[in-house]
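Undergrad: If you scroll down you'll find the structure; I have some questions about it.
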Amino acid sequence: MTSNQFHGHDFLSIQPSLRAQQKIRIDTPVDTAAIDAWLHDCFGVEEAVLPAGAPPARGDGAGQARAAMERAFVLYSELLLAAGIPVFPEGRVLGVEAEDAQAGLYAIHFLLPALDNMPVSLFAGVLKEALRLVLGPLNTPPTQEAARTLLDELDRTVVRTLKDNSPLSGINVAVCGEAFRHRVPFRHLGRGMMRLGTGARSQLLYRSAVEGDSSIGSLICGQKQISASILADAGFPAAEHIAVTTAQEAVEAARKLGWPVVVKPEDRERSEGVTTNIRTEPALLFAFEQARKHSENVLVERHVLGFVHRIMVAGGQAIYAVKRLPKGVEGDGRRTVQELVDEANGQQSRRPPWKRLTPFPLDDLARACLSELGLTPQSVPDRGQWAALRPIASTADGGDVVNLTEEAHPDNIRLALDVARLLGLNAAGVDMMSTDLTRPWHENGAIVNEVNYNPAFTTSKREAHAARLIPALMESDGRIPVHMVTGAGNLLDTAQELKKRLKKKGRKCHLVSSRWAEDAQGRPVPLAKASLFDRSLALLLRPTVHELIVVATPEEVFAKGLAADRLESVWIAGADSARAERLTAEIRVRFPTQTLRRV
């Protein structure tokens, strides 16, 4: 594999991909049933992702090699996704050749999805490890002990190493995963910055922040005091708090606001250093010191009854609304809290480490939280009763959610949208403290507790509603129309004629070849790029380009794949019938094309 900054689309791939070759040796028959059991039962891979078809015959070495590589692709993607790198299962075997059938040596030609602007060696290394596992430990049926040992080792040696050396995160996986499911192309520009779509229909993205977000709004969100002040000035329900710098000031603030109070760092998110429902001075002093560990700027806030509800908004739409529950277990009317906790921890221990929730505790803080509910570890909660083990949902401890997207009162949704608009945010997580999100905020004393720029976007327990994100952000499917002129003869003249034809229909096309580029008005566009791939990609990355005609010889077309993942039309010029038929067949196999014509 060679090191490339950007990768092409080829063989109908949605993601940019690498074309490569790998030699593998089949020493023992490939047990596809055992490998699939590992992938599904131990790694948690969905059955729909596993390779389909009957297992290869024992004497079919090429088939065995293909089956092993197809399963290595699945594991390759699983490990990358676990590390927050959005590369989805799309690898495919293009061909298998016997190098030495007697010795079980085969050369596999394949297409491997990868992310632009990350070291190619990273992807090659992960695939190598995946193939080693498929041909080795995973080639025998899994046992519970073997699975635990292998998964823990992979988490330590592969997943955590990838995480530590990647600018990406689980939010990238969630957002790009929705783009992949909507068949919207995406490219990594570097340092975690992404571009969804192409040209004038594209969108810059950093985790869940988009290019339409105000930089001033992002600064406001990072400072709770000024954000609350701005919301209050605009007539929205906001938190009441007092900034303090000393413990004595915190006590005075609590007396002024009235007990109970909340203490939090002024400039931190995700509930870090937050203590709620403080009713005594000793508890207040302890909470103040906890908040000071996270920031020198501390707020004492009037306590508001209820739970935090997150309303995710994007593109002027509500994506989902959830009630955030603190870490806890749900009662079933039969088992004690202790039994429910043991079962929850047992379930998590059977999952891969990177998919596990934080442990369910029964420490002193958990017992105190249970006591507030009149429970102990030996109590049997009612069916559906939430036995909280922590006072609030937080990044450190985790929690659970209840999806209220359909039940949330329209006034609360409208409030979230208005707040995001006030701060100039196209995408935001608006947190409301409310006793009941199905009632309007102005009837039950709810407040906007916090507005989050670049919020954590997740799909768990809200999959159908989270799918609204990409349509809310993107115009159509996020692509501009791309045409290609190829074949023989003066291709540039043919492309110019096509451009004139499209212009009569009111369409504004840029044009690019390996030597020439022009805008919709025919003015030259200088490009500091040499190859056709890089020059066409350069224009597809520009939001000023509404349509593109790519002029390419067949050699240029098939050398590296295309910068675009789909073509609206292909025009084959100057080729005789036989060559035109070959070109047509090859293009249909390699690139999704709406129409294909000879001229």
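Starting from 1 in every chain, residues are counted up; chains themselves are A, B, ... following the order of the structure tokens, and ligands are numbered from 1 as listed.
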Which residues come within 7 Å of segment 16-23 of chain A, counting only C-alpha atoms, excluding same-chain residues fewer than 6 positions away, as JSON, numbers by chain?
TA: {"A": [1, 7, 8, 9, 105, 106, 107, 108, 109, 110, 111, 112, 113, 114, 115]}
Undergrad: Write to file, as a PDB file, in the first residue's frame, the residues of the selection just made, with N, CA and C atoms.
TA:
ATOM      1  N   MET A   1       0.843  -1.190   0.000  1.00  0.00           N
ATOM      2  CA  MET A   1       0.000   0.000   0.000  1.00  0.00           C
ATOM      3  C   MET A   1       0.884   1.248   0.000  1.00  0.00           C
ATOM      4  N   HIS A   7      -8.010   9.495  -0.957  1.00  0.00           N
ATOM      5  CA  HIS A   7      -8.219   8.225  -1.647  1.00  0.00           C
ATOM      6  C   HIS A   7      -9.418   8.322  -2.572  1.00  0.00           C
ATOM      7  N   GLY A   8      -9.437   7.462  -3.575  1.00  0.00           N
ATOM      8  CA  GLY A   8     -10.485   7.518  -4.576  1.00  0.00           C
ATOM      9  C   GLY A   8     -11.680   6.639  -4.243  1.00  0.00           C
ATOM     10  N   HIS A   9     -12.761   6.878  -4.978  1.00  0.00           N
ATOM     11  CA  HIS A   9     -13.937   6.011  -4.938  1.00  0.00           C
ATOM     12  C   HIS A   9     -13.822   5.047  -6.109  1.00  0.00           C
ATOM     13  N   LEU A 105      -0.747 -20.852  -0.586  1.00  0.00           N
ATOM     14  CA  LEU A 105      -0.412 -19.428  -0.672  1.00  0.00           C
ATOM     15  C   LEU A 105      -1.250 -18.771  -1.767  1.00  0.00           C
ATOM     16  N   TYR A 106      -1.933 -17.670  -1.377  1.00  0.00           N
ATOM     17  CA  TYR A 106      -2.829 -16.988  -2.315  1.00  0.00           C
ATOM     18  C   TYR A 106      -2.595 -15.473  -2.243  1.00  0.00           C
ATOM     19  N   ALA A 107      -2.737 -14.846  -3.406  1.00  0.00           N
ATOM     20  CA  ALA A 107      -2.669 -13.384  -3.489  1.00  0.00           C
ATOM     21  C   ALA A 107      -4.094 -12.854  -3.633  1.00  0.00           C
ATOM     22  N   ILE A 108      -4.479 -11.969  -2.750  1.00  0.00           N
ATOM     23  CA  ILE A 108      -5.841 -11.416  -2.769  1.00  0.00           C
ATOM     24  C   ILE A 108      -5.769  -9.941  -3.170  1.00  0.00           C
ATOM     25  N   HIS A 109      -6.511  -9.584  -4.197  1.00  0.00           N
ATOM     26  CA  HIS A 109      -6.656  -8.192  -4.608  1.00  0.00           C
ATOM     27  C   HIS A 109      -7.951  -7.672  -3.976  1.00  0.00           C
ATOM     28  N   PHE A 110      -7.878  -6.520  -3.348  1.00  0.00           N
ATOM     29  CA  PHE A 110      -9.055  -6.071  -2.605  1.00  0.00           C
ATOM     30  C   PHE A 110      -9.157  -4.558  -2.557  1.00  0.00           C
ATOM     31  N   LEU A 111     -10.333  -4.113  -2.152  1.00  0.00           N
ATOM     32  CA  LEU A 111     -10.626  -2.699  -1.944  1.00  0.00           C
ATOM     33  C   LEU A 111     -10.884  -2.512  -0.459  1.00  0.00           C
ATOM     34  N   LEU A 112     -10.145  -1.596   0.151  1.00  0.00           N
ATOM     35  CA  LEU A 112     -10.211  -1.408   1.600  1.00  0.00           C
ATOM     36  C   LEU A 112     -10.649   0.017   1.926  1.00  0.00           C
ATOM     37  N   PRO A 113     -11.807   0.204   2.586  1.00  0.00           N
ATOM     38  CA  PRO A 113     -12.212   1.561   2.968  1.00  0.00           C
ATOM     39  C   PRO A 113     -11.216   2.157   3.959  1.00  0.00           C
ATOM     40  N   ALA A 114     -10.913   3.419   3.792  1.00  0.00           N
ATOM     41  CA  ALA A 114      -9.951   4.102   4.670  1.00  0.00           C
ATOM     42  C   ALA A 114     -10.364   5.561   4.801  1.00  0.00           C
ATOM     43  N   LEU A 115      -9.730   6.246   5.703  1.00  0.00           N
ATOM     44  CA  LEU A 115     -10.027   7.660   5.926  1.00  0.00           C
ATOM     45  C   LEU A 115      -8.907   8.500   5.340  1.00  0.00           C
TER      46      LEU A 115
END
Undergrad: With segment 149-172 of chain A as the partner and 8 Å as the cut-off, tabulate the residues of segment 402-485 of chain A that qualify, each row holding the nearest pair of atoms and their distance in Å to one decimal, using only C-alpha atoms, sorted by chain and rising number, as JSON lines.
TA:
{"residue": "A:Ala456", "atom": "CA", "partner": "A:Ile171", "partner_atom": "CA", "distance": 6.3}
{"residue": "A:Phe457", "atom": "CA", "partner": "A:Ile171", "partner_atom": "CA", "distance": 5.8}
{"residue": "A:Thr458", "atom": "CA", "partner": "A:Ile171", "partner_atom": "CA", "distance": 6.9}
Undergrad: If you count only C-alpha atoms, which residues fall within 10 Å of Ala446 of chain A, apart from same-chain ones fewer than 3 positions away, as JSON, numbers by chain?
TA: {"A": [237, 238, 239, 304, 305, 306, 307, 308, 412, 432, 433, 434, 435, 436, 437, 439, 440, 441, 442, 443, 449]}
Undergrad: Could you save those same residues with C-alpha atoms as a PDB file, in the first residue's frame?
TA:
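That gives us selection.pdb:
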ATOM      1  CA  PRO A 237     -36.219  30.774  31.320  1.00  0.00           C
ATOM      2  CA  ALA A 238     -32.611  30.590  32.475  1.00  0.00           C
ATOM      3  CA  ALA A 239     -30.688  29.401  35.490  1.00  0.00           C
ATOM      4  CA  VAL A 304     -34.725  23.497  40.127  1.00  0.00           C
ATOM      5  CA  LEU A 305     -36.757  20.324  40.485  1.00  0.00           C
ATOM      6  CA  GLY A 306     -36.752  17.719  37.761  1.00  0.00           C
ATOM      7  CA  PHE A 307     -34.439  15.889  35.410  1.00  0.00           C
ATOM      8  CA  VAL A 308     -32.143  17.228  32.709  1.00  0.00           C
ATOM      9  CA  ASN A 412     -40.465  23.053  24.750  1.00  0.00           C
ATOM     10  CA  MET A 432     -33.728  21.771  29.982  1.00  0.00           C
ATOM     11  CA  MET A 433     -34.344  21.081  33.652  1.00  0.00           C
ATOM     12  CA  SER A 434     -37.978  19.995  33.857  1.00  0.00           C
ATOM     13  CA  THR A 435     -40.205  17.776  35.935  1.00  0.00           C
ATOM     14  CA  ASP A 436     -42.153  16.789  32.823  1.00  0.00           C
ATOM     15  CA  LEU A 437     -41.130  17.562  29.247  1.00  0.00           C
ATOM     16  CA  ARG A 439     -45.838  19.951  29.766  1.00  0.00           C
ATOM     17  CA  PRO A 440     -44.883  23.427  28.511  1.00  0.00           C
ATOM     18  CA  TRP A 441     -41.964  25.085  30.259  1.00  0.00           C
ATOM     19  CA  HIS A 442     -43.981  28.148  31.206  1.00  0.00           C
ATOM     20  CA  GLU A 443     -46.416  26.027  33.233  1.00  0.00           C
ATOM     21  CA  ASN A 449     -30.025  24.699  32.183  1.00  0.00           C
TER      22      ASN A 449
END
Undergrad: Residues within 9 Å of Thr275 of chain A, please, as a list in words. Count only C-alpha atoms; anything in the same chain fewer than 6 positions from it doesn't count.
TA: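 Near Thr275 of chain A, the qualifying residues are Val261, Val262, Val263, Lys264, Leu284, Ala287, Phe288, Gln290, Ala291, Pro391 and Ile392 of chain A.
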Undergrad: In segment 332-409 of chain A, what's helix (DSSP H, G or I) per DSSP? Answer as a PyMOL selection string?
TA: chain A and resi 337-349+353-355+364-372
Undergrad: Those same residues, written as a short mmCIF file (atom, residue, chain, number, x, y, z; two decimals), in the first residue's frame with C-alpha atoms?
TA:
data_model
loop_
_atom_site.label_atom_id
_atom_site.label_comp_id
_atom_site.auth_asym_id
_atom_site.auth_seq_id
_atom_site.Cartn_x
_atom_site.Cartn_y
_atom_site.Cartn_z
CA VAL A 337 -31.28 -3.53 43.90
CA GLN A 338 -28.23 -5.67 44.68
CA GLU A 339 -29.42 -8.39 42.29
CA LEU A 340 -30.21 -5.86 39.57
CA VAL A 341 -26.76 -4.28 39.92
CA ASP A 342 -25.05 -7.69 39.80
CA GLU A 343 -26.99 -8.61 36.66
CA ALA A 344 -26.18 -5.27 34.97
CA ASN A 345 -22.47 -5.63 35.73
CA GLY A 346 -22.55 -9.24 34.54
CA GLN A 347 -24.07 -8.19 31.22
CA GLN A 348 -21.40 -5.53 30.73
CA SER A 349 -18.57 -7.95 31.49
CA PRO A 353 -14.36 -3.55 26.71
CA TRP A 354 -14.90 -0.70 24.24
CA LYS A 355 -18.67 -1.27 24.31
CA ASP A 364 -21.47 5.04 49.81
CA LEU A 365 -22.68 7.61 47.26
CA ALA A 366 -24.93 5.00 45.64
CA ARG A 367 -26.37 4.04 49.02
CA ALA A 368 -27.03 7.70 49.79
CA CYS A 369 -28.85 8.12 46.47
CA LEU A 370 -30.93 5.02 47.20
CA SER A 371 -31.73 6.33 50.67
CA GLU A 372 -33.18 9.52 49.12
#
Undergrad: Give me, as a list in words, all polymer residues having an atom no more than 10 Å from segment 29-32 of chain A, counting only C-alpha atoms and skipping those fewer than 3 positions away in the same chain.
TA: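 Near neighbours after the sequence-gap exclusion: Ile26, Ile35, Asp36, Ala37, Trp38, Pro51, Ala54, Pro55, Pro56, Ala57, Arg58, Gly59, Asp60, Gly61, Gly63, Gln64, Ala65, Arg66, Ala67, Ala68, Arg71, Val134, Leu135, Gly136, Leu138, Asn139, Thr140 and Pro141 of chain A.
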Undergrad: Would you mind exporting C-alpha atoms of the selected residues as a CSV table (one decimal), in the first residue's frame?
TA:
chain,number,residue,atom,x,y,z
A,26,ILE,CA,-4.2,-21.0,4.4
A,35,ILE,CA,-15.3,-16.9,13.0
A,36,ASP,CA,-18.8,-15.7,12.6
A,37,ALA,CA,-19.6,-16.8,16.1
A,38,TRP,CA,-16.7,-14.8,17.4
A,51,PRO,CA,-20.5,-12.2,4.9
A,54,ALA,CA,-22.4,-20.9,1.9
A,55,PRO,CA,-19.0,-21.7,3.5
A,56,PRO,CA,-16.3,-22.7,1.0
A,57,ALA,CA,-15.5,-26.4,0.4
A,58,ARG,CA,-12.5,-27.8,2.3
A,59,GLY,CA,-10.6,-28.3,-1.0
A,60,ASP,CA,-11.4,-24.8,-2.3
A,61,GLY,CA,-8.3,-22.9,-1.3
A,63,GLY,CA,-12.6,-19.8,-1.6
A,64,GLN,CA,-11.1,-20.3,1.8
A,65,ALA,CA,-8.8,-17.3,1.3
A,66,ARG,CA,-11.7,-15.1,0.1
A,67,ALA,CA,-13.8,-16.1,3.1
A,68,ALA,CA,-11.0,-15.3,5.5
A,71,ARG,CA,-14.3,-11.7,7.7
A,134,VAL,CA,-9.2,-14.5,11.6
A,135,LEU,CA,-6.7,-17.1,10.5
A,136,GLY,CA,-5.6,-17.9,14.1
A,138,LEU,CA,-10.9,-16.8,15.7
A,139,ASN,CA,-10.7,-20.0,13.6
A,140,THR,CA,-11.8,-22.1,16.5
A,141,PRO,CA,-15.2,-21.9,18.4
Undergrad: Could you tell me which of A:Val49, A:Val120, A:Ala563, A:Ile242 comes closest to Phe88 of chain A if we count only C-alpha atoms?
TA: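 When distances to Phe88 of chain A are compared using only C-alpha atoms, the smallest one comes from A:Val49.
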Undergrad: Which is closest to Glu129 of chain A among A:Val557, A:Leu79, A:Leu389, A:Ala420, if we use only C-alpha atoms?
TA: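 Result for the nearest residue to Glu129 of chain A: A:Leu79.
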Undergrad: Find the spatial neighbours of Leu596 of chain A, counting only C-alpha atoms, within a cut-off of 7 Å - ignore same-chain residues fewer than 4 positions away - and output them as a list of chain:residue names.
TA: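 With the cut-off at 7 Å, the set is A:Ser569, A:Val570, A:Trp571.
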Undergrad: With distances taken over only C-alpha atoms, which residue among A:Val329, A:Ile85, A:Ile226, A:Ala33 lies nearest Arg191 of chain A?
TA: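 Comparing A:Val329, A:Ile85, A:Ile226, A:Ala33 against Arg191 of chain A, the winner is A:Ile85.
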Undergrad: Quick one: residues within 9 Å of Leu39 of chain A, only C-alpha atoms counted, chain neighbours fewer than 3 positions away excluded, as a count of residues only?
TA: 14
Undergrad: What's the separation between atom CA of Leu81 of chain A and atom CA of Leu204 of chain A, in Å to one decimal place?
TA: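 Between these atoms lies a distance of 21.0 Å.
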Undergrad: Counting only C-alpha atoms, which residues of segment 328-418 of chain A sit at most 10 Å from some atom of segment 465-473 of chain A, and what is each one's closest atom pair with its distance in Å to one decimal, listed by chain and rising residue number, as a tab-separated table?
TA:
residue	atom	partner	partner_atom	distance
A:Asn403	CA	A:His465	CA	9.3
A:Thr405	CA	A:His465	CA	7.6
A:Glu406	CA	A:His465	CA	9.3
Undergrad: Selected residues, N, CA and C atoms, written as a JSON list (two decimals), in the first residue's frame, please.
TA:
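Here's the written file part10.json:
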[["chain", "number", "residue", "atom", "x", "y", "z"],
["A", 403, "ASN", "N", -36.45, 8.12, 25.68],
["A", 403, "ASN", "CA", -36.72, 8.87, 24.45],
["A", 403, "ASN", "C", -38.11, 9.52, 24.55],
["A", 405, "THR", "N", -38.97, 12.11, 22.29],
["A", 405, "THR", "CA", -39.05, 12.95, 21.09],
["A", 405, "THR", "C", -40.49, 13.20, 20.66],
["A", 406, "GLU", "N", -41.29, 12.16, 20.64],
["A", 406, "GLU", "CA", -42.67, 12.31, 20.19],
["A", 406, "GLU", "C", -43.58, 12.90, 21.26]]
Undergrad: If you run DSSP over the backbone, which residues in segment 128-229 of chain A end up strand (DSSP E)? Put them as number ranges by chain.
TA: A: 186-190, 193-196, 203-206, 209-210
Undergrad: Mind giving me the straight-line distance from atom CA of Ser202 of chain A to atom CA of Asp477 of chain A in Å, one decimal?
TA: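 Spanning atom CA of Ser202 of chain A to atom CA of Asp477 of chain A is a straight-line distance of 9.4 Å.
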Undergrad: Identify which of the residues A:Thr584, A:Glu518, A:Ile480, A:Leu285 lies closest to Glu249 of chain A, counting only C-alpha atoms when measuring atom-to-atom distances.
TA: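 Answer, going by the shortest atom-to-atom distance: A:Leu285.
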Undergrad: For each of A:Arg351, A:Lys128, A:His483, A:Arg390, take the minimum atom-to-atom distance to Asp363 of chain A, counting only C-alpha atoms, then give the residue where this is smallest.
TA: A:Arg390
